[in-house]
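See structure below.
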Amino acid sequence: MKAKHQRLILAAVALCGVGGAGVLAASALRDEAAYFRTPAEVKEGKAVVGEPMRLGGMVAAGSIKRQADGLTIDFVATDGKASIPVQFKGIVPDLFAENSGMVADGRMRADGTFVADKILAKHDEKYMPPQMEGMDKAVAKGVPKA
Amino acid sequence: MIAELGLALLWIAAALACLSLVAGILYVRTGKDDLAALVRPASVAQGVLTAAAFALLIALFIRSDMSVELVARNSHSLKPMLFKIAGAWGNHEGSMLLWLTILGVSGALVAIFERRLRNDTLIATLAAQAALSLGFFAFLLFSSNPFKRLPVAPPDGQGLNPLLQDPGLAFHPPTLYVGYVGISVAFSFAVGALITREIGPAFARAMRPWVLGSWIFLTLGITAGSYWAYYELGWGGWWFWDPVENVSLIPWLAGAALLHSVSVTATRNALRAWTVMLAVIAFSMSMVGTFIVRSGLLTSVHSFAVDPERGTFLLVLMALYIGGALTLFAFRAGAVAEGKKFALMSREGSLVINNLLLTTILALVLLGTLYPIVAEAMGEKISVGPPYYNKVAGPLALILCLVMVAGPLLSWRKDDGKKLWLRLPAAVLAGAVVLFSLILFGGKVGVLPLLGMTVAGIVGVASLAPLWGRNLRRTPLPTWGMVIAHFGVAVALAGMGAESAFIKERLVAAAPGETVTVDDFTVKFVGVLPIAGPNYTAIRGTLVATTPAGASFTLHPEARMFPGLMGTAPTETNEAALLTRPGGQLYVVLGQPVTGPDGTADRYQLRLWWKPLVWWIWLGGALIAVGAALSMLGRAQLLEIWRARRARKAQERFA
């Protein structure tokens, strides 16, 4: 085998590898695009019950209710267009408060409540996923009932 | 005076960079030696002056000179000394000056120590390094002057983000920066070698210690950053696939690929064009990372400048450097002679697969990081999270580890595939033992952790194989380095697998005096007390954890409150308490007080985790760095140089 042939074979292998990786990435990204949902999208029926997903929204004013066990809280996540009741058992991050943004990992329950296993507040109060931009202004105009 | 002196030093250093560049270009074009003599001293002086300017900036922060805008914005006279110093690089201008200092100092080190390269290649390399410095000098002096004075000095400063007030974090950015910017030397070597067409084993040997050196710092920086996120954020996770983490991982992956391919070039004179290409890619990825993080494209604790003018400046600089290097590569790649050929079943073959996998992972992580930015520019809003990265990077990383099992056992040029199997029975046995014991006794374990721990078993044993049957005292340092680094990968992988498979969690609202059990520990919640720190107040919990053997340990998780300074909002942080045991770590977070029916806070939220083998992850990272350091010491041939010098001195004494 000549060195030139070897180069060609290497290039072909590399191309196949990159192509395969591209297909893998494209399929994973398509799933990913379905991973983050806003309350309005959930209301439109875009979330599958029981599938892991991430919900981003504002915590509606006056909606946080703490249960007697001291750990479980209920609140309403809203984007101004739709509202979703959320239940979470755990320690909320420091920046979690009414009228501010939150991102929760969890899944939808059949009764339409989002059960969160993790609530995220990123490194500081300025961080918001791009999908949540402008949500605070929309919410200021009014919050629909959950 | 200090600020003015610092600024003056920066201007002189910039002028020296200009001189190196011009003299270098003239020398390469005309070949006149008198100009070349200028380049080395100018590079050294530029490094020294930039470092001096950086030292002056630190002095300003130590003295809390509030008449300097940067100090007023990022420091406070009451801040503990360590954080005053760290404040010097905890902001946009200061971090850019640090970037320039490292660029300059690495250029100076090349000028002083590099003796293996042909002189014209060395001059071209230094000129390339000066060209890099020059662009960033322009950026600093025209748009981000760190020494700018305020017309009126405020009474005191605005402080530093409380999350960043952690001793570990004071050293995290400089470490990472040394890695990020140190790899610029590889970039300059590649450009220099392309210009003089000297691409071969000598060039690869000269470049190798620099690649290893900066990669060590990247490894340490990433490991430390991961540990910081683990204990400071209070979520107990050690990797979040946050864009900021990704941009440090991307140059690390490029560096890992480069240090493997450079050894093929150095030993076998093959993969030459590819090695040069990777050297260009590695530093390009550092710049892309810095741009993404610092430009404000991503809003996070890491982004300092939300300023379109600065972002554009950085983008133009980056396009210039990356585009320039790639253009040069395109013109010269054809002239790079064919390398030595090899069979697929050989050391080279396995390293090619290693490189393909590493660059593929790199591309996928880069895609995931940039995709949301590009999608947003096109009007679509998407965020890419952990499921994407775990899905694409996890399987590839495991395959990569299996290649790592085979690679070091294969001989160069050509090997027999059947013989490979004869060298592996112990490793395969170890993997099988791990796999079956996990399936039999492990309970329900996810596929990725299961495979991870199995592969860790195989790699752990196989990585030691190159030492079998060798005289350990005669084994060369680079071989030791490779063995330790590969073993470190196995250790980290085992930690990641065990942590995600066997983590135990308890979440309770406990009253003082109550006990909680988590795994084998009995933890008694003693109570809370308010305390005052140097610049915060806190609620400090006391817990006593008792092991089955009867040993007890006290833990103090804290919920800290930093008052808002100069009108900024107060900030709360959670300080987790950690108990490190041989088998893992107990991780305790103090949550919020729980109000009882009578309206008083009678209980506290507590979250307890038992994380088996979790500290193996960072131990693995440290082992990888140690391995790379041994390899670098071996490759830099410092020991040989020292021995030769001693022998010569001894001879002189006899003469």
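Residue numbering restarts at 1 in every chain; chains get A, B, ... in the order shown in the structure tokens, and ligands count up from 1 in that same order.
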As a PyMOL selection string, could you give me every residue of chain B near chain A (at most 7 Å apart, counting only C-alpha atoms)? chain B and resi 299-301+341+356+360+364+381-384+388+391-392+507-509+572-573+591+594+605
Among the residues of region 424-578 of chain B, find those DSSP assigns to strand (DSSP E) from the backbone and print them as a PyMOL selection string. chain B and resi 504-510+515-518+521-532+537-546+552-555+558-562+571-575+577-578
Report as a ChimeraX atom specification all protein, DNA and RNA residues lying within 8 Å of Arg272 (chain B), evaluated on only C-alpha atoms, omitting residues in the same chain fewer than 4 positions from it. /B:199-200,265,276,336,339
Please return, as a PyMOL selection string, all residues of chain A that DSSP assigns to helix (DSSP H, G or I) on the basis of the backbone. chain A and resi 3-33+39-43+130-132+135-140
What's the 10 Å shell around region 538-541 of chain B, counting only C-alpha atoms, without same-chain residues fewer than 2 positions away, as a ChimeraX atom specification? /B:512,525-533,536,543,555-562,572-575,577,588-592,604,606
